[in-house]
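Structure first, commentary second.
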Amino acid sequence: SNGLANLKRMIVCPVLSQTANKGINPHISPFTTEPSTCSPYKIQNFQVKLASTNIYPEALNYSYDSFMTELNGKYSMGHNLVKGLAGSRISLKDYINNYGYIVVDLKRKHTQDESTPLSIYMSGKIVSPMPLDFFVFIETEKSFTYDVATGHRLD
């Protein structure tokens, strides 16, 4: 992508390619669960770059452990950090059975780069037997002020 600022998170939904599904788009097929779920996949050497800086110190084979690491302690107090308490609502069984979203925390950058537009580059090797399409969603943050008495936005 070209320059996006205030990046927070990237969510990737791998979906079976139309060419791999006998020419039928999985989103309209009565025999698939997409777009409510992802398609099964396996990716090796996964890496995301912001501008020219790697998000991960080394490329990884994205898995359920990677998914949980991206969510640990980020969205509630003790989120996925206390034994027996899981806040993700996606278990290992669910993750393997078509809820295998790829989540990347894009806040791993210098604070001075927060409002600087940065390009995003995702790479990896698909080792799944079928070709995939990737639906990528970028979460950004925007702040504004408003007058509490009138409810009007001030900026």
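Chains: A, B, ... in order of the structure tokens. Residues: from 1 per chain. Ligands: from 1, in order shown.
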For region 128-131 of chain A, please output as number ranges by chain all residues within 8 Å (counting only C-alpha atoms; exclusion window: fewer than 2 positions along the same chain).
A: 16-17, 19-20, 40-43, 126, 133
Could you write out the selected residues, including N, CA and C atoms, as a PDB file, in the first residue's frame?
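File produced: result_13.pdb:
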ATOM      1  N   LEU A  16      -9.680 -19.088  -0.605  1.00  0.00           N
ATOM      2  CA  LEU A  16      -9.413 -19.884  -1.796  1.00  0.00           C
ATOM      3  C   LEU A  16      -9.665 -19.054  -3.055  1.00  0.00           C
ATOM      4  N   SER A  17      -8.749 -19.109  -3.980  1.00  0.00           N
ATOM      5  CA  SER A  17      -8.883 -18.357  -5.226  1.00  0.00           C
ATOM      6  C   SER A  17     -10.012 -18.937  -6.082  1.00  0.00           C
ATOM      7  N   THR A  19     -10.026 -19.438  -9.220  1.00  0.00           N
ATOM      8  CA  THR A  19      -9.484 -20.408 -10.178  1.00  0.00           C
ATOM      9  C   THR A  19      -9.281 -21.776  -9.539  1.00  0.00           C
ATOM     10  N   ALA A  20      -9.035 -21.812  -8.232  1.00  0.00           N
ATOM     11  CA  ALA A  20      -8.843 -23.086  -7.533  1.00  0.00           C
ATOM     12  C   ALA A  20     -10.171 -23.748  -7.179  1.00  0.00           C
ATOM     13  N   PRO A  40      -8.575 -22.830   4.449  1.00  0.00           N
ATOM     14  CA  PRO A  40      -7.373 -23.426   5.048  1.00  0.00           C
ATOM     15  C   PRO A  40      -6.133 -22.972   4.274  1.00  0.00           C
ATOM     16  N   TYR A  41      -5.051 -22.751   4.984  1.00  0.00           N
ATOM     17  CA  TYR A  41      -3.828 -22.271   4.344  1.00  0.00           C
ATOM     18  C   TYR A  41      -2.623 -22.663   5.175  1.00  0.00           C
ATOM     19  N   LYS A  42      -1.460 -22.541   4.557  1.00  0.00           N
ATOM     20  CA  LYS A  42      -0.192 -22.676   5.256  1.00  0.00           C
ATOM     21  C   LYS A  42       0.769 -21.706   4.608  1.00  0.00           C
ATOM     22  N   ILE A  43       1.348 -20.831   5.422  1.00  0.00           N
ATOM     23  CA  ILE A  43       2.271 -19.813   4.924  1.00  0.00           C
ATOM     24  C   ILE A  43       3.592 -19.943   5.669  1.00  0.00           C
ATOM     25  N   ILE A 126       3.415 -19.259   0.075  1.00  0.00           N
ATOM     26  CA  ILE A 126       2.213 -20.073   0.259  1.00  0.00           C
ATOM     27  C   ILE A 126       2.583 -21.518  -0.041  1.00  0.00           C
ATOM     28  N   ASP A 133      -6.357 -16.061  -2.428  1.00  0.00           N
ATOM     29  CA  ASP A 133      -6.477 -14.609  -2.490  1.00  0.00           C
ATOM     30  C   ASP A 133      -6.435 -14.114  -1.049  1.00  0.00           C
TER      31      ASP A 133
END
Selected residue of minimal separation from Lys93 (chain A) among A:Ile28, A:Pro117, A:Leu106, A:Tyr64, counting only C-alpha atoms:
A:Tyr64
Contacts of Thr32 (chain A) at 10 Å or less, counting only C-alpha atoms, minus same-chain residues fewer than 6 places along, as a list in words?
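That gives Leu16, Asn21, Asn25, Pro26, Cys38 and Ser39 of chain A.
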Please return, as a VMD selection string, all residues of chain A that DSSP assigns to helix (DSSP H, G or I) on the basis of the backbone.
chain A and resid 18 to 21 64 to 71 92 to 96 111 to 113
With N, CA, C and O atoms retained, could you export that selection as a tab-separated table (two decimals), in the first residue's frame?
chain	number	residue	atom	x	y	z
A	18	GLN	N	-10.64	-18.10	-6.87
A	18	GLN	CA	-11.73	-18.53	-7.75
A	18	GLN	C	-11.24	-19.59	-8.74
A	18	GLN	O	-11.95	-20.54	-9.04
A	19	THR	N	-10.03	-19.44	-9.22
A	19	THR	CA	-9.48	-20.41	-10.18
A	19	THR	C	-9.28	-21.78	-9.54
A	19	THR	O	-9.36	-22.80	-10.21
A	20	ALA	N	-9.04	-21.81	-8.23
A	20	ALA	CA	-8.84	-23.09	-7.53
A	20	ALA	C	-10.17	-23.75	-7.18
A	20	ALA	O	-10.21	-24.90	-6.79
A	21	ASN	N	-11.26	-23.01	-7.32
A	21	ASN	CA	-12.58	-23.51	-6.93
A	21	ASN	C	-13.45	-23.76	-8.18
A	21	ASN	O	-14.62	-23.43	-8.20
A	64	TYR	N	-1.26	-20.65	14.91
A	64	TYR	CA	-2.12	-20.25	16.02
A	64	TYR	C	-1.31	-19.58	17.13
A	64	TYR	O	-1.76	-18.59	17.72
A	65	ASP	N	-0.11	-20.06	17.37
A	65	ASP	CA	0.75	-19.44	18.39
A	65	ASP	C	1.09	-18.00	18.00
A	65	ASP	O	1.11	-17.11	18.85
A	66	SER	N	1.34	-17.77	16.72
A	66	SER	CA	1.62	-16.40	16.25
A	66	SER	C	0.39	-15.52	16.45
A	66	SER	O	0.49	-14.37	16.88
A	67	PHE	N	-0.77	-16.07	16.12
A	67	PHE	CA	-2.03	-15.36	16.29
A	67	PHE	C	-2.24	-14.95	17.74
A	67	PHE	O	-2.57	-13.81	18.05
A	68	MET	N	-2.05	-15.90	18.66
A	68	MET	CA	-2.24	-15.62	20.08
A	68	MET	C	-1.21	-14.61	20.60
A	68	MET	O	-1.53	-13.74	21.41
A	69	THR	N	0.02	-14.68	20.11
A	69	THR	CA	1.05	-13.73	20.52
A	69	THR	C	0.67	-12.31	20.14
A	69	THR	O	0.91	-11.37	20.89
A	70	GLU	N	0.03	-12.15	18.98
A	70	GLU	CA	-0.39	-10.82	18.54
A	70	GLU	C	-1.50	-10.26	19.42
A	70	GLU	O	-1.66	-9.05	19.53
A	71	LEU	N	-2.27	-11.10	20.07
A	71	LEU	CA	-3.39	-10.64	20.89
A	71	LEU	C	-3.09	-10.58	22.38
A	71	LEU	O	-3.81	-9.92	23.12
A	92	LEU	N	-7.87	-23.09	19.35
A	92	LEU	CA	-7.00	-23.78	18.40
A	92	LEU	C	-7.83	-24.57	17.40
A	92	LEU	O	-7.57	-24.55	16.19
A	93	LYS	N	-8.86	-25.24	17.88
A	93	LYS	CA	-9.74	-26.02	17.00
A	93	LYS	C	-10.42	-25.11	15.97
A	93	LYS	O	-10.47	-25.43	14.79
A	94	ASP	N	-10.93	-23.96	16.42
A	94	ASP	CA	-11.57	-23.02	15.50
A	94	ASP	C	-10.56	-22.46	14.50
A	94	ASP	O	-10.86	-22.29	13.32
A	95	TYR	N	-9.36	-22.14	14.99
A	95	TYR	CA	-8.33	-21.57	14.12
A	95	TYR	C	-7.98	-22.54	13.00
A	95	TYR	O	-7.88	-22.15	11.84
A	96	ILE	N	-7.84	-23.80	13.33
A	96	ILE	CA	-7.50	-24.81	12.32
A	96	ILE	C	-8.67	-25.04	11.37
A	96	ILE	O	-8.48	-25.26	10.17
A	111	THR	N	7.71	5.99	18.04
A	111	THR	CA	6.57	6.87	18.29
A	111	THR	C	6.59	8.08	17.36
A	111	THR	O	5.53	8.61	17.04
A	112	GLN	N	7.75	8.53	16.91
A	112	GLN	CA	7.79	9.67	15.99
A	112	GLN	C	7.25	9.30	14.61
A	112	GLN	O	6.90	10.17	13.83
A	113	ASP	N	7.15	8.00	14.30
A	113	ASP	CA	6.60	7.56	13.03
A	113	ASP	C	5.09	7.37	13.07
A	113	ASP	O	4.49	7.00	12.08
For CA of Arg108 (chain A) and CA of Ala59 (chain A), determine how far apart the two atoms are, in Å to one decimal place.
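Separating CA of Arg108 (chain A) from CA of Ala59 (chain A) is a distance of 15.3 Å.
Distances from A:Asn2, A:Ser29, A:Lys125, A:Leu7 to Lys142 (chain A) were compared using only C-alpha atoms, and the smallest one belongs to A:Leu7.
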Please provide as a ChimeraX atom specification all residues within 8 Å of Leu118 (chain A), with the sequence filter that same-chain residues fewer than 6 positions apart are discarded (counting only C-alpha atoms).
/A:2-5,50-51
Hey, which of A:Ser115, A:Gly100, A:Gly124, A:Phe31 ends up closest to Thr140 (chain A)? Count only C-alpha atoms.
A:Ser115
Name the residues of region 5-152 of chain A that come out as strand (DSSP E or B) in a backbone DSSP run; write them as a count of residues only.
43
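Rounded to one decimal, CA of Asn45 (chain A) and CA of Val127 (chain A) lie 10.2 Å from each other.
As for CA of Ile102 (chain A) and CA of Tyr62 (chain A), they are spaced 7.6 Å apart.
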With a distance cut-off of 6 Å and only C-alpha atoms, select the neighbouring residues of Ile11 (chain A), excluding the residue or stretch itself and same-chain residues fewer than 6 positions from it, and output the selection as a list in words.
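The neighbour list is Ile102, Val103, Val136 and Phe137 of chain A.
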Go ahead and dump the residues you just picked, N, CA and C atoms, as a PDB file, in the first residue's frame.
ATOM      1  N   ILE A 102      -4.978 -13.903  10.006  1.00  0.00           N
ATOM      2  CA  ILE A 102      -3.613 -13.467  10.273  1.00  0.00           C
ATOM      3  C   ILE A 102      -3.710 -12.053  10.820  1.00  0.00           C
ATOM      4  N   VAL A 103      -3.226 -11.857  12.040  1.00  0.00           N
ATOM      5  CA  VAL A 103      -3.296 -10.554  12.699  1.00  0.00           C
ATOM      6  C   VAL A 103      -1.875 -10.077  12.950  1.00  0.00           C
ATOM      7  N   VAL A 136      -7.091  -7.974   2.821  1.00  0.00           N
ATOM      8  CA  VAL A 136      -6.290  -7.314   3.848  1.00  0.00           C
ATOM      9  C   VAL A 136      -7.036  -6.087   4.357  1.00  0.00           C
ATOM     10  N   PHE A 137      -7.185  -6.015   5.664  1.00  0.00           N
ATOM     11  CA  PHE A 137      -7.839  -4.885   6.314  1.00  0.00           C
ATOM     12  C   PHE A 137      -6.822  -4.203   7.217  1.00  0.00           C
TER      13      PHE A 137
END
